[in-house]
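What follows is the content of coords.cif (mmCIF, C-alpha atoms and all ligand atoms).
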data_query
loop_
_atom_site.group_PDB
_atom_site.id
_atom_site.type_symbol
_atom_site.label_atom_id
_atom_site.label_comp_id
_atom_site.auth_asym_id
_atom_site.auth_seq_id
_atom_site.Cartn_x
_atom_site.Cartn_y
_atom_site.Cartn_z
ATOM 1 C CA MET A 402 73.843 98.076 57.328
ATOM 2 C CA ARG A 403 77.483 98.795 57.930
ATOM 3 C CA ASN A 404 78.743 102.206 58.976
ATOM 4 C CA GLU A 405 82.436 103.040 59.174
ATOM 5 C CA MET A 406 84.593 105.915 60.281
ATOM 6 C CA GLU A 407 88.310 106.484 60.327
ATOM 7 C CA ILE A 408 90.478 109.072 62.025
ATOM 8 C CA LEU A 409 94.215 109.649 61.927
ATOM 9 C CA PHE A 410 95.961 111.951 64.387
ATOM 10 C CA ASP A 411 99.352 112.827 65.822
ATOM 11 C CA ALA A 412 100.539 110.769 68.767
ATOM 12 C CA ILE A 413 100.481 113.563 71.349
ATOM 13 C CA SER A 414 98.625 113.719 74.627
ATOM 14 C CA ASP A 415 96.427 116.628 73.474
ATOM 15 C CA ASN A 416 94.583 114.187 71.200
ATOM 16 C CA GLU A 417 93.655 111.637 73.866
ATOM 17 C CA GLY A 418 90.474 113.443 74.830
ATOM 18 C CA PHE A 419 89.513 114.125 71.236
ATOM 19 C CA ALA A 420 89.967 110.471 70.221
ATOM 20 C CA ARG A 421 87.701 108.970 72.885
ATOM 21 C CA VAL A 422 85.016 111.620 72.395
ATOM 22 C CA ALA A 423 85.060 111.068 68.615
ATOM 23 C CA VAL A 424 84.388 107.352 69.032
ATOM 24 C CA ALA A 425 81.660 108.015 71.593
ATOM 25 C CA ALA A 426 80.026 110.511 69.216
ATOM 26 C CA PHE A 427 80.135 107.977 66.376
ATOM 27 C CA VAL A 428 77.864 105.575 68.287
ATOM 28 C CA SER A 429 75.623 108.218 69.870
ATOM 29 C CA HIS A 430 72.697 107.696 67.459
ATOM 30 C CA LEU A 431 72.277 104.203 68.911
ATOM 31 C CA ASN A 432 71.316 105.775 72.244
ATOM 32 C CA PRO A 433 73.966 103.972 74.265
ATOM 33 C CA THR A 434 73.682 104.068 78.039
ATOM 34 C CA LEU A 435 76.007 106.307 80.047
ATOM 35 C CA GLU A 436 77.745 103.187 81.224
ATOM 36 C CA GLU A 437 78.336 101.894 77.695
ATOM 37 C CA LEU A 438 79.689 105.262 76.615
ATOM 38 C CA SER A 439 81.981 105.377 79.597
ATOM 39 C CA ASP A 440 83.243 101.837 78.857
ATOM 40 C CA ILE A 441 84.003 102.741 75.246
ATOM 41 C CA LYS A 442 85.753 105.979 76.190
ATOM 42 C CA THR A 443 87.913 104.250 78.767
ATOM 43 C CA ALA A 444 88.922 101.437 76.402
ATOM 44 C CA VAL A 445 89.753 103.875 73.581
ATOM 45 C CA SER A 446 91.683 106.104 75.965
ATOM 46 C CA GLU A 447 93.770 103.142 77.165
ATOM 47 C CA ALA A 448 94.705 101.971 73.675
ATOM 48 C CA VAL A 449 95.429 105.477 72.360
ATOM 49 C CA THR A 450 97.474 106.419 75.421
ATOM 50 C CA ASN A 451 99.480 103.201 75.055
ATOM 51 C CA SER A 452 100.298 104.081 71.441
ATOM 52 C CA ILE A 453 101.412 107.558 72.490
ATOM 53 C CA ILE A 454 103.443 106.578 75.559
ATOM 54 C CA HIS A 455 104.777 103.128 74.698
ATOM 55 C CA GLY A 456 104.522 103.009 70.907
ATOM 56 C CA TYR A 457 106.055 106.413 70.140
ATOM 57 C CA GLU A 458 107.547 107.199 73.554
ATOM 58 C CA ASN A 459 105.902 110.580 73.843
ATOM 59 C CA LEU A 460 106.032 110.061 77.556
ATOM 60 C CA TYR A 461 104.816 113.286 79.073
ATOM 61 C CA GLY A 462 101.380 114.792 79.020
ATOM 62 C CA TYR A 463 101.247 118.425 77.962
ATOM 63 C CA GLY A 464 98.220 119.398 79.998
ATOM 64 C CA ARG A 465 99.583 122.115 82.256
ATOM 65 C CA PRO A 466 98.345 125.546 83.186
ATOM 66 C CA GLY A 467 100.045 128.378 81.365
ATOM 67 C CA ARG A 468 101.821 126.232 78.811
ATOM 68 C CA GLY A 469 101.653 126.780 75.095
ATOM 69 C CA PRO A 470 100.339 124.251 72.620
ATOM 70 C CA ALA A 471 102.066 120.942 72.104
ATOM 71 C CA ALA A 472 103.546 122.222 68.855
ATOM 72 C CA ALA A 473 106.088 124.105 70.949
ATOM 73 C CA GLN A 474 107.367 120.899 72.530
ATOM 74 C CA GLU A 475 109.705 118.304 71.175
ATOM 75 C CA VAL A 476 107.775 115.209 70.174
ATOM 76 C CA HIS A 477 108.584 111.952 68.452
ATOM 77 C CA PRO A 478 106.581 112.050 65.250
ATOM 78 C CA GLY A 479 103.987 109.364 64.712
ATOM 79 C CA LYS A 480 100.330 108.820 63.947
ATOM 80 C CA VAL A 481 97.599 106.843 65.589
ATOM 81 C CA GLN A 482 94.793 105.502 63.429
ATOM 82 C CA ILE A 483 91.330 104.632 64.693
ATOM 83 C CA LEU A 484 88.942 102.662 62.542
ATOM 84 C CA CYS A 485 85.408 102.078 63.776
ATOM 85 C CA ALA A 486 82.714 99.961 62.225
ATOM 86 C CA LEU A 487 79.118 99.577 63.323
ATOM 87 C CA GLU A 488 77.170 96.581 62.124
ATOM 88 C CA GLY A 489 73.760 96.677 63.684
ATOM 89 C CA ASP A 490 74.439 97.067 67.371
ATOM 90 C CA MET A 491 77.962 95.616 67.189
ATOM 91 C CA LEU A 492 80.779 98.145 67.469
ATOM 92 C CA GLN A 493 84.268 97.225 66.288
ATOM 93 C CA ILE A 494 87.199 99.483 67.042
ATOM 94 C CA GLN A 495 90.715 99.128 65.680
ATOM 95 C CA ILE A 496 93.489 101.301 67.093
ATOM 96 C CA LYS A 497 96.798 101.110 65.303
ATOM 97 C CA ASP A 498 100.242 102.634 65.658
ATOM 98 C CA GLN A 499 103.509 102.173 63.826
ATOM 99 C CA GLY A 500 105.585 102.566 66.925
ATOM 100 C CA LYS A 501 108.059 100.331 68.564
ATOM 101 C CA GLY A 502 105.780 97.348 69.187
ATOM 102 C CA MET A 503 106.140 94.586 71.760
ATOM 103 C CA GLU A 504 108.106 91.405 72.035
ATOM 104 C CA ASN A 505 105.723 89.505 74.261
ATOM 105 C CA VAL A 506 102.056 90.454 73.928
ATOM 106 C CA GLU A 507 100.842 87.818 76.353
ATOM 107 C CA GLN A 508 103.033 89.148 79.135
ATOM 108 C CA ALA A 509 102.111 92.766 78.321
ATOM 109 C CA MET A 510 98.431 91.926 78.745
ATOM 110 C CA GLU A 511 98.828 90.550 82.253
ATOM 111 C CA PRO A 512 97.265 92.868 84.833
ATOM 112 C CA LEU A 513 99.843 95.015 86.653
ATOM 113 C CA PHE A 514 102.550 94.343 84.063
ATOM 114 C CA THR A 515 104.187 97.595 82.987
ATOM 115 C CA THR A 516 107.513 98.542 81.438
ATOM 116 C CA LYS A 517 107.167 102.127 82.709
ATOM 117 C CA PRO A 518 106.718 101.987 86.508
ATOM 118 C CA GLU A 519 108.874 105.121 86.860
ATOM 119 C CA LEU A 520 106.186 107.045 84.962
ATOM 120 C CA GLU A 521 103.534 105.832 87.399
ATOM 121 C CA ARG A 522 101.947 103.537 84.875
ATOM 122 C CA SER A 523 100.108 100.827 86.755
ATOM 123 C CA GLY A 524 99.791 98.080 84.145
ATOM 124 C CA MET A 525 95.989 98.306 84.145
ATOM 125 C CA GLY A 526 95.418 99.456 80.554
ATOM 126 C CA PHE A 527 94.817 96.089 78.915
ATOM 127 C CA ALA A 528 92.892 94.913 81.981
ATOM 128 C CA PHE A 529 90.489 97.861 81.508
ATOM 129 C CA MET A 530 90.087 97.170 77.783
ATOM 130 C CA GLU A 531 89.295 93.569 78.623
ATOM 131 C CA ALA A 532 86.870 94.450 81.413
ATOM 132 C CA PHE A 533 84.953 97.149 79.538
ATOM 133 C CA MET A 534 84.721 95.599 76.067
ATOM 134 C CA ASP A 535 83.314 92.229 74.982
ATOM 135 C CA ASP A 536 86.333 91.165 72.967
ATOM 136 C CA LEU A 537 89.992 92.215 72.770
ATOM 137 C CA GLU A 538 92.735 91.179 70.361
ATOM 138 C CA VAL A 539 96.258 92.569 70.252
ATOM 139 C CA GLU A 540 98.723 92.144 67.425
ATOM 140 C CA SER A 541 102.242 93.488 67.777
ATOM 141 C CA SER A 542 105.819 92.894 66.817
ATOM 142 C CA PRO A 543 108.978 94.825 67.665
ATOM 143 C CA GLY A 544 109.691 97.623 65.220
ATOM 144 C CA GLN A 545 106.396 97.075 63.387
ATOM 145 C CA GLY A 546 103.870 98.681 65.685
ATOM 146 C CA THR A 547 100.762 97.543 67.461
ATOM 147 C CA THR A 548 97.155 96.956 66.486
ATOM 148 C CA VAL A 549 94.410 96.626 69.095
ATOM 149 C CA ARG A 550 90.995 95.313 68.032
ATOM 150 C CA MET A 551 88.003 95.527 70.334
ATOM 151 C CA LYS A 552 84.329 94.699 70.040
ATOM 152 C CA LYS A 553 81.310 95.680 72.040
ATOM 153 C CA LYS A 554 77.640 94.930 71.638
ATOM 154 C CA LEU A 555 75.566 98.027 72.267
ATOM 155 C CA GLY A 556 71.973 98.683 73.074
ATOM 156 C CA CYS A 557 71.783 96.477 76.111
ATOM 157 C CA GLY A 558 70.348 99.598 77.717
ATOM 158 C CA SER A 559 66.917 101.109 77.287
ATOM 159 C CA TRP A 560 65.883 102.419 73.850
ATOM 160 C CA ILE A 561 62.797 104.310 74.835
ATOM 161 C CA GLU A 562 64.072 106.321 77.742
ATOM 162 C CA VAL A 563 62.646 109.820 77.956
ATOM 163 C CA MET B 793 88.690 120.438 78.263
ATOM 164 C CA ASP B 794 89.174 122.112 81.573
ATOM 165 C CA GLN B 795 92.651 122.355 83.012
ATOM 166 C CA ILE B 796 93.612 121.702 86.617
ATOM 167 C CA MET B 797 95.181 124.783 88.221
ATOM 168 C CA GLU B 798 97.287 125.620 91.244
ATOM 169 C CA GLU B 799 94.159 126.678 93.169
ATOM 170 C CA ASP B 800 92.740 123.144 92.858
ATOM 171 C CA PHE B 801 95.308 122.081 95.466
ATOM 172 C CA ARG B 802 94.483 123.117 99.031
ATOM 173 C CA VAL B 803 95.955 122.144 102.378
ATOM 174 C CA ILE B 804 93.501 122.040 105.270
ATOM 175 C CA ASP B 805 94.998 120.910 108.579
ATOM 176 C CA ASN B 806 96.988 117.771 107.750
ATOM 177 C CA CYS B 807 95.146 116.978 104.505
ATOM 178 C CA LEU B 808 96.014 117.845 100.954
ATOM 179 C CA ILE B 809 92.762 118.201 99.027
ATOM 180 C CA ILE B 810 93.006 117.918 95.245
ATOM 181 C CA ARG B 811 90.043 118.947 93.142
ATOM 182 C CA LEU B 812 90.483 116.818 90.031
ATOM 183 C CA PRO B 813 89.575 118.104 86.565
ATOM 184 C CA GLU B 814 86.669 116.928 84.422
ATOM 185 C CA GLU B 815 88.856 114.375 82.675
ATOM 186 C CA VAL B 816 91.723 112.624 84.437
ATOM 187 C CA ASP B 817 93.994 111.135 81.783
ATOM 188 C CA HIS B 818 97.649 110.969 80.742
ATOM 189 C CA HIS B 819 97.432 114.489 79.305
ATOM 190 C CA GLN B 820 97.079 116.087 82.743
ATOM 191 C CA ALA B 821 98.469 113.346 84.993
ATOM 192 C CA GLY B 822 102.047 114.635 85.058
ATOM 193 C CA TYR B 823 101.070 118.042 86.363
ATOM 194 C CA ILE B 824 98.692 116.625 88.974
ATOM 195 C CA SER B 825 101.324 114.252 90.400
ATOM 196 C CA GLU B 826 104.147 116.798 90.369
ATOM 197 C CA ASN B 827 102.089 119.487 92.000
ATOM 198 C CA ALA B 828 100.699 117.071 94.602
ATOM 199 C CA ASP B 829 104.233 116.011 95.528
ATOM 200 C CA LYS B 830 105.279 119.623 95.959
ATOM 201 C CA HIS B 831 102.581 119.984 98.618
ATOM 202 C CA LEU B 832 103.432 116.634 100.208
ATOM 203 C CA LEU B 833 106.907 117.934 100.984
ATOM 204 C CA ARG B 834 105.332 120.140 103.633
ATOM 205 C CA LYS B 835 105.738 118.114 106.770
ATOM 206 C CA GLU B 836 102.315 118.780 108.247
ATOM 207 C CA VAL B 837 100.620 117.112 105.273
ATOM 208 C CA ARG B 838 99.776 113.481 106.040
ATOM 209 C CA HIS B 839 96.660 112.517 104.093
ATOM 210 C CA VAL B 840 95.471 113.105 100.545
ATOM 211 C CA VAL B 841 91.850 113.647 99.565
ATOM 212 C CA PHE B 842 90.933 113.335 95.880
ATOM 213 C CA ASP B 843 87.776 115.285 95.131
ATOM 214 C CA PHE B 844 85.956 113.891 92.060
ATOM 215 C CA GLU B 845 83.082 116.383 92.186
ATOM 216 C CA ASN B 846 83.847 117.731 88.675
ATOM 217 C CA THR B 847 85.268 114.509 87.276
ATOM 218 C CA ARG B 848 83.326 112.648 84.588
ATOM 219 C CA PHE B 849 86.149 110.553 83.152
ATOM 220 C CA MET B 850 89.182 108.722 84.481
ATOM 221 C CA ASP B 851 91.400 106.051 82.938
ATOM 222 C CA SER B 852 94.420 104.101 84.193
ATOM 223 C CA SER B 853 96.443 107.325 84.374
ATOM 224 C CA GLY B 854 94.276 108.254 87.359
ATOM 225 C CA ILE B 855 95.095 104.918 88.981
ATOM 226 C CA GLY B 856 98.768 105.806 88.580
ATOM 227 C CA ILE B 857 98.277 109.197 90.234
ATOM 228 C CA ILE B 858 96.436 107.721 93.212
ATOM 229 C CA MET B 859 98.765 104.708 93.646
ATOM 230 C CA GLY B 860 101.810 106.941 93.374
ATOM 231 C CA ARG B 861 100.608 109.301 96.131
ATOM 232 C CA TYR B 862 99.535 106.330 98.262
ATOM 233 C CA ARG B 863 103.062 104.892 98.058
ATOM 234 C CA LYS B 864 104.528 108.204 99.175
ATOM 235 C CA ILE B 865 102.349 108.742 102.231
ATOM 236 C CA SER B 866 101.308 105.284 103.436
ATOM 237 C CA CYS B 867 104.708 104.518 104.977
ATOM 238 C CA PHE B 868 104.188 107.546 107.269
ATOM 239 C CA GLY B 869 100.705 106.444 108.238
ATOM 240 C CA GLY B 870 98.998 108.663 105.668
ATOM 241 C CA ARG B 871 95.725 107.659 104.039
ATOM 242 C CA VAL B 872 94.118 108.296 100.677
ATOM 243 C CA TYR B 873 90.463 109.294 100.427
ATOM 244 C CA ALA B 874 88.132 109.742 97.462
ATOM 245 C CA ILE B 875 85.103 112.000 97.745
ATOM 246 C CA HIS B 876 82.211 112.694 95.354
ATOM 247 C CA ALA B 877 83.154 109.777 93.077
ATOM 248 C CA ASP B 878 80.245 108.981 90.745
ATOM 249 C CA SER B 879 79.289 105.439 89.767
ATOM 250 C CA GLN B 880 81.565 105.395 86.687
ATOM 251 C CA ILE B 881 84.595 106.419 88.717
ATOM 252 C CA GLN B 882 83.710 103.854 91.380
ATOM 253 C CA ARG B 883 83.623 101.149 88.697
ATOM 254 C CA ILE B 884 87.167 102.116 87.713
ATOM 255 C CA PHE B 885 88.183 101.789 91.372
ATOM 256 C CA LYS B 886 86.605 98.333 91.585
ATOM 257 C CA VAL B 887 88.068 96.909 88.396
ATOM 258 C CA SER B 888 91.545 98.119 89.337
ATOM 259 C CA GLY B 889 91.323 96.951 92.960
ATOM 260 C CA LEU B 890 91.997 100.499 94.107
ATOM 261 C CA HIS B 891 88.981 100.416 96.424
ATOM 262 C CA LYS B 892 91.121 98.274 98.724
ATOM 263 C CA ILE B 893 93.531 101.088 99.494
ATOM 264 C CA VAL B 894 91.376 104.163 98.966
ATOM 265 C CA GLU B 895 88.657 105.119 101.387
ATOM 266 C CA ILE B 896 85.649 106.070 99.311
ATOM 267 C CA MET B 897 83.373 108.517 101.071
HETATM 268 N N1 LIG C 901 101.019 100.421 71.639
HETATM 269 C C1 LIG C 901 102.027 99.861 72.327
HETATM 270 N N2 LIG C 901 103.302 99.861 71.830
HETATM 271 C C2 LIG C 901 104.323 99.310 72.534
HETATM 272 N N3 LIG C 901 104.186 98.732 73.751
HETATM 273 C C3 LIG C 901 102.953 98.698 74.295
HETATM 274 C C4 LIG C 901 101.821 99.264 73.621
HETATM 275 N N4 LIG C 901 100.727 99.078 74.407
HETATM 276 C C5 LIG C 901 101.162 98.448 75.516
HETATM 277 N N5 LIG C 901 102.490 98.216 75.477
HETATM 278 C C6 LIG C 901 103.290 97.506 76.510
HETATM 279 O O1 LIG C 901 102.413 96.757 77.318
HETATM 280 C C7 LIG C 901 102.555 97.119 78.698
HETATM 281 C C8 LIG C 901 101.219 96.991 79.411
HETATM 282 O O2 LIG C 901 100.260 97.942 78.910
HETATM 283 P P1 LIG C 901 99.085 98.442 79.877
HETATM 284 O O3 LIG C 901 98.316 99.491 79.175
HETATM 285 O O4 LIG C 901 98.348 97.255 80.392
HETATM 286 O O5 LIG C 901 99.886 99.060 81.127
HETATM 287 P P2 LIG C 901 100.702 100.436 81.176
HETATM 288 O O6 LIG C 901 100.400 101.281 79.990
HETATM 289 O O7 LIG C 901 102.118 100.125 81.414
HETATM 290 O O8 LIG C 901 100.079 101.115 82.487
HETATM 291 P P3 LIG C 901 98.651 101.880 82.580
HETATM 292 O O9 LIG C 901 97.910 101.583 81.309
HETATM 293 O O10 LIG C 901 97.980 101.286 83.774
HETATM 294 O O11 LIG C 901 98.960 103.283 82.761
HETATM 295 C C9 LIG C 901 103.143 98.507 78.670
HETATM 296 O O12 LIG C 901 103.865 98.808 79.848
HETATM 297 C C10 LIG C 901 104.033 98.456 77.433
HETATM 298 O O13 LIG C 901 105.285 97.860 77.734
HETATM 299 MG MG MG C 902 98.469 101.667 79.367
#
Give the structure from this file in structure tokens form.
Ligand SMILES: Nc1ncnc2c1ncn2[C@@H]1O[C@H](COP(=O)(O)OP(=O)(O)OP(=O)(O)O)[C@@H](O)[C@H]1O
Ligand SMILES: [Mg+2]
Amino acid sequence: MRNEMEILFDAISDNEGFARVAVAAFVSHLNPTLEELSDIKTAVSEAVTNSIIHGYENLYGYGRPGRGPAAAQEVHPGKVQILCALEGDMLQIQIKDQGKGMENVEQAMEPLFTTKPELERSGMGFAFMEAFMDDLEVESSPGQGTTVRMKKKLGCGSWIEV
Amino acid sequence: MDQIMEEDFRVIDNCLIIRLPEEVDHHQAGYISENADKHLLRKEVRHVVFDFENTRFMDSSGIGIIMGRYRKISCFGGRVYAIHADSQIQRIFKVSGLHKIVEIM
């Protein structure tokens, strides 16, 4: 049986938490372990944050005490799409933006490579996606946007935990 | 999602102690770094302690926060400590190599 879900949201930092929790909730009926859930959330957070910061250049996070909602701030418009599919215990996640894209995907995926050191980015995003998921594919071209595809086999944990 | 506030930053002796929020991501990273740096300007502050007691999630934005503060204080002999980090947070430290510069207690 195949089970799919799709979400589309604005590329602003407020939605980072929502996006990773939505994907985690989608797989929750499979009783994933805490570790699996944490892996999925981290990988989704990395890809979504990359779309927001690098794809659409909405550089700054809005999470501050006493500030109004993000609607009051100036943002570059853009959407991030997440498509998830479950086939048995195999989870596929596709995270897509129509932002500025990348020239050299191979270089971008090297650990510690970042084009935004001044923003305290550490170049660990793709390394985390690679470490926490079973499979990672990145498709991108300048001006066209970026698509990240990840896979993870679930249910390696216990099914009958009480 | 809970929001980090001014009162989550405390200076005790020569340590700045930062109680991190439940989720450390890009959304809140800017405020955490800026506010930490404001405290680091005080000349008695040498070390930074990140308290993960309430933290259940951290991504690479957290690595950026910790690395950034480490760069600012290490040249003056300051150290970075992590306390109450659960096993998920410690995995993030390991994968990123951060456990080599942060003392996990
Ligand atoms: N969706 C995207 N659109 C455009 N460029 C991207 C996108 N995702 C990644 N990149 C490019 O790839 C580089 C590496 O990404 P990665 O997530 O590994 O590191 P980072 O985002 O720079 O730092 P960190 O994730 O550790 O905060 C980025 O600096 C950016 O130049
Ligand atoms: Mg990144």
The PyMOL selection byres ((chain B) within 12 of (chain A)) applied to the shown file, residues as a count of residues only: 52
For atom CA of B:Gly869 and atom CA of B:Val837, the interatomic separation in Å (one decimal): 11.1 Å
Shell of 8 Å around A:Lys554, all atoms listed in the file, local chain residues under 6 positions omitted, as a PyMOL selection string: chain A and resi 490-492+535
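Our summary of the geometry notes that atom CA of A:Val506 is positioned 15.4 Å from atom CA of A:Met551.
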Selection under test: the PyMOL selection byres (((chain A and resi 404-409) around 7) and not hetatm); residues as JSON, numbers by chain: {"A": [402, 403, 410, 480, 481, 482, 483, 484, 485, 486, 487, 488]}
Centre and size of axis-aligned box enclosing stretch 858-866 of chain B plus 4 Å each side, as JSON:
{"center_x": 100.5, "center_y": 107.0, "center_z": 98.3, "size_x": 16.1, "size_y": 12.6, "size_z": 18.2}
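Minimum distance to ligand LIG 901 (chain C) across A:Leu438, A:Ile496, A:Met510, A:Ala425 (counting all atoms listed in the file) occurs at A:Met510.
Minimum atom-to-atom distance to B:Asn846, evaluated using all atoms listed in the file, belongs to B:His876 out of B:His891, B:Arg802, B:Arg871, B:His876.
Taking atom CA of A:Glu538 and atom CA of A:Phe427 as endpoints, the distance between them is 21.4 Å.
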Reference answer for the PyMOL selection byres (((chain A and resi 497-500) around 8) and not hetatm), as a ChimeraX atom specification: /A:452,455-457,479-483,495-496,501-502,544-549
Answer as a VMD selection string, residues within 9 Å of (94.4, 108.7, 98.4) using only C-alpha atoms: chain B and resid 839 to 842 858 to 859 861 to 862 865 870 to 874 893 to 895
Just-selected residues, C-alpha atoms written as an mmCIF file, keeping the file's coordinate frame:
data_model
loop_
_atom_site.group_PDB
_atom_site.id
_atom_site.type_symbol
_atom_site.label_atom_id
_atom_site.label_comp_id
_atom_site.auth_asym_id
_atom_site.auth_seq_id
_atom_site.Cartn_x
_atom_site.Cartn_y
_atom_site.Cartn_z
ATOM 1 C CA HIS B 839 96.660 112.517 104.093
ATOM 2 C CA VAL B 840 95.471 113.105 100.545
ATOM 3 C CA VAL B 841 91.850 113.647 99.565
ATOM 4 C CA PHE B 842 90.933 113.335 95.880
ATOM 5 C CA ILE B 858 96.436 107.721 93.212
ATOM 6 C CA MET B 859 98.765 104.708 93.646
ATOM 7 C CA ARG B 861 100.608 109.301 96.131
ATOM 8 C CA TYR B 862 99.535 106.330 98.262
ATOM 9 C CA ILE B 865 102.349 108.742 102.231
ATOM 10 C CA GLY B 870 98.998 108.663 105.668
ATOM 11 C CA ARG B 871 95.725 107.659 104.039
ATOM 12 C CA VAL B 872 94.118 108.296 100.677
ATOM 13 C CA TYR B 873 90.463 109.294 100.427
ATOM 14 C CA ALA B 874 88.132 109.742 97.462
ATOM 15 C CA ILE B 893 93.531 101.088 99.494
ATOM 16 C CA VAL B 894 91.376 104.163 98.966
ATOM 17 C CA GLU B 895 88.657 105.119 101.387
#
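The residue that comes closest to ligand MG 902 (chain C), out of A:Glu475, A:Asp536, A:Gly556, A:Val449 and on the basis of all atoms listed in the file, is A:Val449.
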Polymer residues at most 6 Å from (97.3, 119.5, 96.0) by all atoms listed in the file, as an NGL selection string: :B and (801-802 or 808-810 or 828 or 831)
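Counting all atoms listed in the file and comparing A:His430, A:Arg421, A:Arg550, A:Lys517, the residue that lies closest to A:Ile494 is A:Arg550.
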